[in-house]
Every structure is written in C-alpha cells, then in structure tokens.
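Engineer: The file below is protein_36.pdb, PDB, C-alpha atoms, pLDDT in the B column:
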ATOM      1  CA  MET T1357     102.673  90.470 140.935  1.00 54.00           C
ATOM      2  CA  ALA T1358     101.656  93.892 139.565  1.00 55.00           C
ATOM      3  CA  GLU T1359     104.924  94.133 137.626  1.00 61.00           C
ATOM      4  CA  THR T1360     104.236  90.791 135.945  1.00 63.00           C
ATOM      5  CA  ALA T1361     100.741  91.917 134.847  1.00 56.00           C
ATOM      6  CA  GLU T1362     102.132  95.187 133.456  1.00 60.00           C
ATOM      7  CA  THR T1363     104.877  93.315 131.599  1.00 66.00           C
ATOM      8  CA  ALA T1364     102.356  90.889 130.072  1.00 58.00           C
ATOM      9  CA  GLU T1365     100.100  93.777 129.028  1.00 60.00           C
ATOM     10  CA  THR T1366     103.031  95.640 127.458  1.00 64.00           C
ATOM     11  CA  GLN T1367     104.092  92.512 125.567  1.00 65.00           C
ATOM     12  CA  GLN T1368     100.535  92.033 124.301  1.00 67.00           C
ATOM     13  CA  VAL T1369     100.378  95.641 123.033  1.00 67.00           C
ATOM     14  CA  ASP T1370     103.825  95.304 121.408  1.00 82.00           C
ATOM     15  CA  GLY T1371     102.731  92.059 119.767  1.00 82.00           C
ATOM     16  CA  LYS T1372      99.597  93.696 118.332  1.00 87.00           C
ATOM     17  CA  GLN T1373     101.634  96.620 116.990  1.00 88.00           C
ATOM     18  CA  ALA T1374     104.160  94.247 115.401  1.00 89.00           C
ATOM     19  CA  ALA T1375     101.369  92.232 113.778  1.00 90.00           C
ATOM     20  CA  ARG T1376      99.762  95.434 112.470  1.00 92.00           C
ATOM     21  CA  ALA T1377     103.113  96.571 111.034  1.00 91.00           C
ATOM     22  CA  GLU T1378     103.600  93.177 109.350  1.00 93.00           C
ATOM     23  CA  ARG T1379     100.145  93.369 107.737  1.00 95.00           C
ATOM     24  CA  ARG T1380     100.816  96.918 106.529  1.00 95.00           C
ATOM     25  CA  ALA T1381     104.200  95.881 105.077  1.00 96.00           C
ATOM     26  CA  ALA T1382     102.547  92.963 103.273  1.00 96.00           C
ATOM     27  CA  ARG T1383      99.883  95.268 101.756  1.00 96.00           C
ATOM     28  CA  LEU T1384     102.512  97.771 100.656  1.00 96.00           C
ATOM     29  CA  ALA T1385     104.652  94.981  99.155  1.00 97.00           C
ATOM     30  CA  LYS T1386     101.629  93.832  97.164  1.00 96.00           C
ATOM     31  CA  GLN T1387     101.063  97.395  95.878  1.00 96.00           C
ATOM     32  CA  ILE T1388     104.751  97.759  94.993  1.00 97.00           C
ATOM     33  CA  GLY T1389     104.628  94.426  93.162  1.00 96.00           C
ATOM     34  CA  ALA T1390     101.552  95.510  91.196  1.00 96.00           C
ATOM     35  CA  PHE T1391     103.302  98.765  90.231  1.00 96.00           C
ATOM     36  CA  ALA T1392     106.409  96.878  89.144  1.00 96.00           C
ATOM     37  CA  LYS T1393     104.341  94.456  87.077  1.00 96.00           C
ATOM     38  CA  ALA T1394     102.467  97.299  85.361  1.00 95.00           C
ATOM     39  CA  HIS T1395     105.680  99.189  84.543  1.00 95.00           C
ATOM     40  CA  GLY T1396     108.026  96.395  83.472  1.00 95.00           C
ATOM     41  CA  GLY T1397     109.890  96.365  86.779  1.00 96.00           C
ATOM     42  CA  ALA T1398     110.624  99.033  89.359  1.00 96.00           C
ATOM     43  CA  GLU T1399     113.231 100.567  91.622  1.00 96.00           C
ATOM     44  CA  GLY T1400     112.667 102.680  94.683  1.00 96.00           C
ATOM     45  CA  GLN T1401     113.955 105.063  97.293  1.00 97.00           C
ATOM     46  CA  ILE T1402     112.687 105.581 100.836  1.00 97.00           C
ATOM     47  CA  ALA T1403     112.504 109.061 102.342  1.00 95.00           C
ATOM     48  CA  TYR T1404     111.899 109.649 106.061  1.00 94.00           C
ATOM     49  CA  LEU T1405     108.866 111.902 106.677  1.00 93.00           C
ATOM     50  CA  GLY T1406     109.217 112.324 110.426  1.00 90.00           C
ATOM     51  CA  GLN T1407     106.271 111.261 112.585  1.00 89.00           C
ATOM     52  CA  LYS T1408     104.135 110.730 109.475  1.00 89.00           C
ATOM     53  CA  GLY T1409     106.314 107.769 108.467  1.00 94.00           C
ATOM     54  CA  ALA T1410     108.252 107.192 105.269  1.00 96.00           C
ATOM     55  CA  ARG T1411     107.614 107.784 101.578  1.00 95.00           C
ATOM     56  CA  ILE T1412     108.464 105.025  99.107  1.00 96.00           C
ATOM     57  CA  VAL T1413     109.136 106.590  95.705  1.00 95.00           C
ATOM     58  CA  LEU T1414     108.821 104.073  92.873  1.00 95.00           C
ATOM     59  CA  VAL T1415     110.179 104.441  89.346  1.00 95.00           C
ATOM     60  CA  GLY T1416     109.157 101.912  86.715  1.00 95.00           C
ATOM     61  CA  GLU T1417     111.381 100.688  83.898  1.00 95.00           C
ATOM     62  CA  ASP T1418     109.066 102.543  81.497  1.00 94.00           C
ATOM     63  CA  GLY T1419     109.657 105.853  83.330  1.00 93.00           C
ATOM     64  CA  GLY T1420     106.332 105.849  85.136  1.00 91.00           C
ATOM     65  CA  TRP T1421     106.511 106.815  88.762  1.00 91.00           C
ATOM     66  CA  GLY T1422     104.456 106.863  91.923  1.00 91.00           C
ATOM     67  CA  ASP T1423     104.760 106.825  95.647  1.00 92.00           C
ATOM     68  CA  LEU T1424     103.346 105.184  98.736  1.00 95.00           C
ATOM     69  CA  VAL T1425     103.475 106.249 102.375  1.00 95.00           C
ATOM     70  CA  ALA T1426     104.308 103.762 105.113  1.00 96.00           C
ATOM     71  CA  PRO T1427     103.651 104.413 108.815  1.00 95.00           C
ATOM     72  CA  SER T1428     107.359 104.002 109.611  1.00 95.00           C
ATOM     73  CA  TYR T1429     110.731 103.670 107.914  1.00 95.00           C
ATOM     74  CA  ALA T1430     111.002 100.069 109.148  1.00 95.00           C
ATOM     75  CA  VAL T1431     107.654  99.148 107.555  1.00 96.00           C
ATOM     76  CA  ALA T1432     108.749 100.808 104.281  1.00 97.00           C
ATOM     77  CA  GLU T1433     112.010  98.835 104.277  1.00 96.00           C
ATOM     78  CA  SER T1434     110.202  95.600 105.027  1.00 96.00           C
ATOM     79  CA  ALA T1435     107.703  96.196 102.203  1.00 97.00           C
ATOM     80  CA  ALA T1436     110.458  97.010  99.702  1.00 96.00           C
ATOM     81  CA  ARG T1437     112.451  93.953 100.741  1.00 95.00           C
ATOM     82  CA  ARG T1438     109.374  91.702 100.413  1.00 96.00           C
ATOM     83  CA  SER T1439     108.573  93.081  96.959  1.00 96.00           C
ATOM     84  CA  GLY T1440     112.111  92.443  95.727  1.00 95.00           C
ATOM     85  CA  ILE T1441     112.729  95.883  94.208  1.00 96.00           C
ATOM     86  CA  THR T1442     116.146  97.540  94.174  1.00 94.00           C
ATOM     87  CA  LEU T1443     116.401 100.382  96.687  1.00 95.00           C
ATOM     88  CA  HIS T1444     118.581 103.443  96.150  1.00 95.00           C
ATOM     89  CA  GLU T1445     120.092 105.554  98.923  1.00 93.00           C
ATOM     90  CA  SER T1446     119.107 108.818  97.234  1.00 92.00           C
ATOM     91  CA  PHE T1447     116.907 110.069  94.437  1.00 88.00           C
ATOM     92  CA  ASP T1448     119.538 111.341  92.030  1.00 90.00           C
ATOM     93  CA  GLY T1449     121.779 110.406  89.117  1.00 88.00           C
ATOM     94  CA  GLU T1450     120.740 107.622  86.772  1.00 89.00           C
ATOM     95  CA  PHE T1451     117.846 106.640  89.023  1.00 89.00           C
ATOM     96  CA  ALA T1452     116.230 110.089  88.886  1.00 89.00           C
ATOM     97  CA  ALA T1453     116.914 110.335  85.149  1.00 90.00           C
ATOM     98  CA  LYS T1454     114.606 107.332  84.569  1.00 92.00           C
ATOM     99  CA  VAL T1455     111.531 109.381  85.553  1.00 90.00           C
ATOM    100  CA  HIS T1456     109.420 110.551  82.633  1.00 85.00           C
ATOM    101  CA  THR T1457     107.095 113.465  83.285  1.00 81.00           C
ATOM    102  CA  GLY T1458     104.255 114.512  81.050  1.00 79.00           C
ATOM    103  CA  PRO T1459     102.228 117.669  80.447  1.00 78.00           C
ATOM    104  CA  TYR T1460     100.147 117.095  83.566  1.00 74.00           C
ATOM    105  CA  GLU T1461     103.170 117.138  85.875  1.00 71.00           C
ATOM    106  CA  TRP T1462     104.703 120.169  84.162  1.00 70.00           C
ATOM    107  CA  THR T1463     101.513 122.251  84.337  1.00 73.00           C
ATOM    108  CA  ARG T1464     100.945 121.158  87.917  1.00 69.00           C
ATOM    109  CA  MET T1465     104.494 122.152  88.942  1.00 68.00           C
ATOM    110  CA  ALA T1466     104.278 125.429  87.024  1.00 61.00           C
ATOM    111  CA  GLY T1467     100.836 126.153  88.459  1.00 58.00           C
ATOM    112  CA  ILE T1468     102.289 126.182  91.955  1.00 59.00           C
ATOM    113  CA  GLN T1469     104.566 129.073  90.977  1.00 56.00           C
ATOM    114  CA  VAL T1470     103.293 132.649  91.133  1.00 52.00           C
ATOM    115  CA  GLY T1471     102.038 133.582  87.682  1.00 53.00           C
ATOM    116  CA  GLY T1472     102.374 130.011  86.397  1.00 52.00           C
ATOM    117  CA  PRO T1473      99.644 128.431  84.292  1.00 54.00           C
ATOM    118  CA  SER T1474      96.739 126.930  86.152  1.00 55.00           C
ATOM    119  CA  ASN T1475      96.137 123.220  86.127  1.00 50.00           C
ATOM    120  CA  LYS T1476      92.477 123.609  85.151  1.00 55.00           C
ATOM    121  CA  GLY T1477      91.341 121.721  82.081  1.00 50.00           C
TER     122      GLY T1477
END
Any chance you could put this one into structure tokens?

Structural biologist:
Amino acid sequence: MAETAETAETQQVDGKQAARAERRAARLAKQIGAFAKAHGGAEGQIAYLGQKGARIVLVGEDGGWGDLVAPSYAVAESAARRSGITLHESFDGEFAAKVHTGPYEWTRMAGIQVGGPSNKG
C-alpha cells in the first residue's frame, strides 16, 4: 500500500514538472516568434549550459541577434520546434556570418580586454 502511495505522489510531481516545462516552452516559442517577426525571420542554435539549462541563440534575417535561456535542453528544443525556426548544429559558417554587430557590441567586447576602451557613454 505504501509503495502505491509513493508511486502516485511521484507521478503527480512528474506531471507538475512536465506541465511547467510545457508552459515554459510555450512562452519561449512565443518570444522566439516575436523575434522572428521583428527581424524578418530567424534561425537558431541551442547550446547546453550545464545545470543552468540551454541557451537559444537567435539570428534574424536582418542580422539582428539575441538569445534566450531555457531551463533544459529539452525545453529549448521544444520551444524552437513550436516556433518553426530552423535550428543549426553549431554557430559557425554561413549562419554565424549573418550576425551584424554594431559599435555597442564592439566597444563592449573591447572593454572586457585589459586596456580596451570602456563602455561608458
């Protein structure tokens, strides 16, 4: 009898976690869709971040880019699939060449380096 109660409790917890993951994937898919709409379409790549989850890097057709973090790789894949974007295995080649960076990104990257310009206005 105790085993049955434990099994039911475990199934209830698993069900709640699955529902939470589905809601998170739906929210991320909506955000990906909004990005794609604002940038004339989008493509993406998912990078595993360890226990923190997964990073979805988005590149718009206009060269704009952004990223989102999902709580797991599976949630990131589900969100990308729901949004209908093309996913790439890696962030290189023609896909990476689509990214357009501006002065902000360059000063920010250079500011990280020792002796680089600061990113203060």

Engineer: Applied to the shown file, which residues does the PyMOL selection byres ((chain T and resi 1446-1460) around 9) return, written as JSON, numbers by chain?

Structural biologist: {"T": [1399, 1400, 1401, 1402, 1403, 1413, 1415, 1416, 1417, 1418, 1419, 1420, 1421, 1443, 1444, 1445, 1461, 1462, 1463, 1464, 1465, 1475]}

Engineer: Show me as a PyMOL selection string the residues that reach within 10 Å of (105.9, 102.1, 109.6), counting all atoms listed in the file and using the file's own coordinates.

Structural biologist: chain T and resi 1374+1376-1378+1380-1381+1407-1411+1425-1435

Engineer: Report as lines of an AutoDock Vina configuration file the centre and the edge lengths, in Å to one decimal, of the axis-aligned box holding every listed atom of stretch 1418-1431 of chain T, padded by 3 Å on each side.

Structural biologist:
center_x = 107.2
center_y = 103.0
center_z = 95.6
size_x = 13.7
size_y = 13.7
size_z = 34.1

Engineer: Report, in Å to a single decimal, how far apart atom CA of T:Leu1405 and atom CA of T:Gln1387 are.

Structural biologist: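 Atom-to-atom, atom CA of T:Gln1387 and atom CA of T:Leu1405 are spaced 19.7 Å apart.
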
Engineer: Excluding same-chain residues fewer than 3 positions from T:Ala1385, what lies within 8 Å of it counting all atoms listed in the file, as a CSV table (one decimal) with C-alpha atoms, in the frame of the given file?

Structural biologist:
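Okay, this is what ended up in selection.csv:
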chain,number,residue,atom,x,y,z
T,1381,ALA,CA,104.2,95.9,105.1
T,1382,ALA,CA,102.5,93.0,103.3
T,1388,ILE,CA,104.8,97.8,95.0
T,1389,GLY,CA,104.6,94.4,93.2
T,1435,ALA,CA,107.7,96.2,102.2
T,1436,ALA,CA,110.5,97.0,99.7
T,1438,ARG,CA,109.4,91.7,100.4
T,1439,SER,CA,108.6,93.1,97.0

Engineer: Atom CA of T:Asp1423 and atom CA of T:Lys1372 are how many Å apart?

Structural biologist: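 Straight-line distance from atom CA of T:Asp1423 to atom CA of T:Lys1372 works out to 26.7 Å.
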
Engineer: Rounded to one decimal, what separation in Å do you get between atom CA of T:Gly1422 and atom CA of T:Arg1437?

Structural biologist: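 Atom CA of T:Gly1422 sits 17.6 Å away from atom CA of T:Arg1437.
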
Engineer: For T:Thr1442, which residue among T:Gly1406, T:Leu1414, T:Phe1391, T:Gly1371 is the nearest when counting only C-alpha atoms?

Structural biologist: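 Ranking T:Gly1406, T:Leu1414, T:Phe1391, T:Gly1371 by distance to T:Thr1442, first place goes to T:Leu1414.
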
Engineer: Since the input is missing atoms, can you rebuild N, CA, C and O atoms for stretch 1378-1403 of chain T and write them as a CSV table (one decimal), keeping the file's coordinate frame?

Structural biologist:
chain,number,residue,atom,x,y,z
T,1378,GLU,N,103.4,94.3,110.3
T,1378,GLU,CA,103.6,93.2,109.4
T,1378,GLU,C,102.5,93.2,108.3
T,1378,GLU,O,102.8,93.0,107.1
T,1379,ARG,N,101.3,93.3,108.7
T,1379,ARG,CA,100.1,93.4,107.7
T,1379,ARG,C,100.3,94.6,106.8
T,1379,ARG,O,100.1,94.5,105.6
T,1380,ARG,N,100.7,95.7,107.4
T,1380,ARG,CA,100.8,96.9,106.5
T,1380,ARG,C,102.0,96.7,105.5
T,1380,ARG,O,101.8,97.1,104.4
T,1381,ALA,N,103.1,96.1,106.0
T,1381,ALA,CA,104.2,95.9,105.1
T,1381,ALA,C,103.8,94.9,104.0
T,1381,ALA,O,104.2,95.1,102.8
T,1382,ALA,N,103.0,93.9,104.3
T,1382,ALA,CA,102.5,93.0,103.3
T,1382,ALA,C,101.7,93.6,102.2
T,1382,ALA,O,101.8,93.4,101.0
T,1383,ARG,N,100.8,94.5,102.7
T,1383,ARG,CA,99.9,95.3,101.8
T,1383,ARG,C,100.7,96.2,100.9
T,1383,ARG,O,100.5,96.3,99.6
T,1384,LEU,N,101.7,96.9,101.4
T,1384,LEU,CA,102.5,97.8,100.7
T,1384,LEU,C,103.3,97.0,99.6
T,1384,LEU,O,103.5,97.4,98.5
T,1385,ALA,N,103.9,95.8,100.1
T,1385,ALA,CA,104.7,95.0,99.2
T,1385,ALA,C,103.8,94.5,98.0
T,1385,ALA,O,104.3,94.5,96.8
T,1386,LYS,N,102.5,94.2,98.2
T,1386,LYS,CA,101.6,93.8,97.2
T,1386,LYS,C,101.4,95.0,96.2
T,1386,LYS,O,101.4,94.8,95.0
T,1387,GLN,N,101.2,96.2,96.7
T,1387,GLN,CA,101.1,97.4,95.9
T,1387,GLN,C,102.3,97.7,95.1
T,1387,GLN,O,102.2,98.0,93.9
T,1388,ILE,N,103.5,97.5,95.7
T,1388,ILE,CA,104.8,97.8,95.0
T,1388,ILE,C,104.9,96.7,93.9
T,1388,ILE,O,105.3,97.1,92.8
T,1389,GLY,N,104.6,95.5,94.2
T,1389,GLY,CA,104.6,94.4,93.2
T,1389,GLY,C,103.7,94.7,92.0
T,1389,GLY,O,104.1,94.5,90.8
T,1390,ALA,N,102.5,95.2,92.3
T,1390,ALA,CA,101.6,95.5,91.2
T,1390,ALA,C,102.1,96.7,90.3
T,1390,ALA,O,102.0,96.6,89.1
T,1391,PHE,N,102.7,97.7,91.0
T,1391,PHE,CA,103.3,98.8,90.2
T,1391,PHE,C,104.4,98.2,89.3
T,1391,PHE,O,104.5,98.6,88.2
T,1392,ALA,N,105.3,97.4,89.9
T,1392,ALA,CA,106.4,96.9,89.1
T,1392,ALA,C,105.9,96.1,87.9
T,1392,ALA,O,106.5,96.2,86.8
T,1393,LYS,N,104.9,95.3,88.2
T,1393,LYS,CA,104.3,94.5,87.1
T,1393,LYS,C,103.8,95.3,86.0
T,1393,LYS,O,104.0,95.1,84.8
T,1394,ALA,N,103.1,96.4,86.3
T,1394,ALA,CA,102.5,97.3,85.4
T,1394,ALA,C,103.5,98.1,84.6
T,1394,ALA,O,103.2,98.6,83.5
T,1395,HIS,N,104.7,98.3,85.1
T,1395,HIS,CA,105.7,99.2,84.5
T,1395,HIS,C,106.9,98.5,84.1
T,1395,HIS,O,108.0,99.1,83.9
T,1396,GLY,N,106.9,97.2,84.0
T,1396,GLY,CA,108.0,96.4,83.5
T,1396,GLY,C,109.2,96.3,84.5
T,1396,GLY,O,110.3,96.1,84.1
T,1397,GLY,N,108.9,96.4,85.7
T,1397,GLY,CA,109.9,96.4,86.8
T,1397,GLY,C,109.9,97.7,87.5
T,1397,GLY,O,109.3,98.7,87.0
T,1398,ALA,N,110.6,97.8,88.6
T,1398,ALA,CA,110.6,99.0,89.4
T,1398,ALA,C,111.8,99.1,90.3
T,1398,ALA,O,112.4,98.0,90.6
T,1399,GLU,N,112.2,100.3,90.6
T,1399,GLU,CA,113.2,100.6,91.6
T,1399,GLU,C,112.6,101.6,92.6
T,1399,GLU,O,111.6,102.2,92.2
T,1400,GLY,N,113.2,101.8,93.7
T,1400,GLY,CA,112.7,102.7,94.7
T,1400,GLY,C,113.7,103.4,95.6
T,1400,GLY,O,114.9,103.0,95.6
T,1401,GLN,N,113.2,104.3,96.3
T,1401,GLN,CA,114.0,105.1,97.3
T,1401,GLN,C,113.0,105.4,98.4
T,1401,GLN,O,111.9,105.7,98.2
T,1402,ILE,N,113.5,105.3,99.7
T,1402,ILE,CA,112.7,105.6,100.8
T,1402,ILE,C,113.2,106.9,101.5
T,1402,ILE,O,114.3,107.1,101.7
T,1403,ALA,N,112.2,107.8,101.7
T,1403,ALA,CA,112.5,109.1,102.3
T,1403,ALA,C,111.8,109.1,103.7
T,1403,ALA,O,110.6,108.9,103.8
